[in-house]
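Peer 1: Sharing a structure here in structure tokens format.
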Amino acid sequence: MATFLGCIADDFTGATDLAGLLARSGFPVSLRIGLPTAPPSDGQAIEVIALKCRSIPVSDAIRDVMAAYDWLRDAGAQRYFWKYCSTFDSTEHGNIGPVSEALMTAIGTDHTIYCPAFPENGRSIYMGNLFVGDQLLSESPMKDHPLNPMRDSNLMRLLDPQTTRKTGLVNRLSVAQGKQAITKSIEKLRLSGVAHIVTDAVANDDLYAIADACQDMPLLTGGSAIAMPLPDLYAARGLIDPKEKLENRPQIAPHAIVLSGSCSAMTRAQVAAYSANHPSYRISPIELSQNGIAAAKTWLMQCDLTKAPLIYATAEPQDVAQAQELLGRDAAGHIVEQAMAQLAILARDAGARRFVVAGGETSGAVATALGVTQVDIGREIAPGVPWTYCTSDGKALALTLKSGNFGRETFFSDALDMLGA
Ligand code: ADP
């Protein structure tokens, strides 16, 4: 069967998060890491393409997304989903709004919705304002993100400078009335020339009502949770094949490595919890810029990989600020990402077969270095973070890519425990 739902995600962990939630439906989900090089001869009903375009120049992001769109269209996609972070990571230049506008033009539609809400993970939208737990986005730890510090919580205000067309809101009062009220609200906004429609959602029921109302829109945009109901909605109308059981997953040797390049508050807690009783080694961009990865390599080579050692660049905001001041923001991030990429290859060649990676950008760098181009989605470790199965240099690996704030404090050991001895 040809592809029906084609999804494009702006980073790797966002893509695994989305693929994991889509796979909860029981339908097999294929995740491609980076733009597929081969034409879409083996496209599955639900395809997710993971790009790395959250923090690159707008024109590059549009180019990459359009190439992914072309692949999905050629695979037969009838519906498209543009996935970004549930904390709406962007700057005043984009890339969320400009990419949406480019997709709308290519698909030939004049409006779309924006719904980054993910209530299970504490992301909700009320009156257009995004909350992280009980804090406004702009008062949450996201205000100090190394690449996209979020200093406003109002999604319309965030979208306005990024886009050329009008923004509007379907507020919670409409959403709470259900599908018909949502459809009516959207139609009213559309007729008044609104192209970019933010939809409030504070609970899973809101997401179901929105997904139900919007399932026939050719383009939807948002976090992963709004896409979760789509496979069942499509299947109920015979638009995708009836359920197939997810296959059993292969046994993967227990040699493991944990790589953390995220500085998000939850990852800092996860690193603290895990390093208390596992071998761990800290790398820093300042030290790496002077001496490269030699010391980290020496440490890694003497590690017992059955003890699942941790290498982390994870640091407190003041340390991140110091490194950025000295090296420049992008260079500091790049040095860490390159180090993680090289260390991942060394770990694989030393026998590591289970990889836990924390950080969206970090995961992108690691997956690229390992040459992983396609994964099958396995069991979820935490909401939005599944194990995935793939091959790297001919070796079968289990790989989990965790976005910064996801998982609970014990995530790293939760993940490894789930695979057993
Ligand atoms: P998250 O998912 O939490 O956003 P990312 O990996 O996407 O994590 O982003 C974190 C960015 O911060 C990466 O570019 C990473 O290389 C960079 N980084 C990690 N550690 C440090 C550090 N100690 N100083 C400066 N930048 C860092």
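To be explicit about the labels: the chains of the structure tokens are called A, B, and onward in the order shown, and within each one the residues are counted from 1, while ligands get numbers from 1 in the order they are shown.
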Go through stretch 64-196 of chain A and collect every residue that DSSP, computed from the backbone, puts in helix (DSSP H, G or I); the answer should be as an MDAnalysis selection string.
Peer 2: chainID A and resid 64:75 96:107 119:121 137:139 141:144 155:162 172:175 179:191
Peer 1: May I have the residues within 9 Å of ligand 1, computed using only C-alpha atoms and all ligand atoms, as a PyMOL selection string?
Peer 2: chain A and resi 11+13-14+89+142+145-148+260-267+283-286+312-317+319-324+327-340+358-365+402-406
Peer 1: Residues of stretch 175-283 of chain A within 12 Å of stretch 16-21 of chain A: nearest atom pair and distance (Å, one decimal) for each, counting only C-alpha atoms, sorted by chain and number, as a Markdown table?
Peer 2:
```
| residue | atom | partner | partner_atom | distance |
| --- | --- | --- | --- | --- |
| A:Thr221 | CA | A:Leu18 | CA | 11.8 |
| A:Gly222 | CA | A:Leu18 | CA | 10.2 |
| A:Gly223 | CA | A:Leu18 | CA | 7.7 |
| A:Ser224 | CA | A:Leu18 | CA | 4.5 |
| A:Ala225 | CA | A:Leu21 | CA | 6.9 |
| A:Ile226 | CA | A:Leu18 | CA | 9.4 |
| A:Ala227 | CA | A:Leu18 | CA | 7.5 |
| A:Met228 | CA | A:Leu21 | CA | 5.4 |
| A:Pro229 | CA | A:Leu21 | CA | 8.8 |
| A:Leu230 | CA | A:Leu21 | CA | 10.2 |
| A:Pro231 | CA | A:Leu21 | CA | 10.1 |
| A:Asp232 | CA | A:Leu21 | CA | 11.9 |
| A:Leu246 | CA | A:Gly20 | CA | 11.9 |
```
Peer 1: Between atom CA of A:Ser174 and atom CA of A:Arg237, what distance in Å does the model show, to one decimal?
Peer 2: 25.4 Å
Peer 1: Expressed in Å to a single decimal, how great is the separation between atom CA of A:Gln342 and atom CA of A:Glu380?
Peer 2: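 We find that atom CA of A:Gln342 and atom CA of A:Glu380 lie 27.1 Å from each other.
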Peer 1: Write out as a list in words all residues of stretch 161-308 of chain A that DSSP puts in strand (DSSP E or B) for this structure's backbone.
Peer 2: Lys166, Thr167, Gly168, Leu169, Val170, Val194, Ala195, His196, Ile197, Val198, Thr199, Ala201, Leu219, Leu220, Thr221, Gly222, Ala256, Ile257, Val258, Leu259, Ser260, Ser280, Tyr281 and Arg282 of chain A
Peer 1: So the first atom is atom CA of A:Pro250 and the second is atom CA of A:Ile46; what is the distance between them in Å, to one decimal place?
Peer 2: 21.7 Å
Peer 1: When you count only C-alpha atoms, which of these residues is closest to A:Met217: A:Ser59, A:Thr199, A:Thr112, A:Gln135?
Peer 2: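 Of A:Ser59, A:Thr199, A:Thr112, A:Gln135, the one nearest A:Met217 is A:Thr112, counting only C-alpha atoms.
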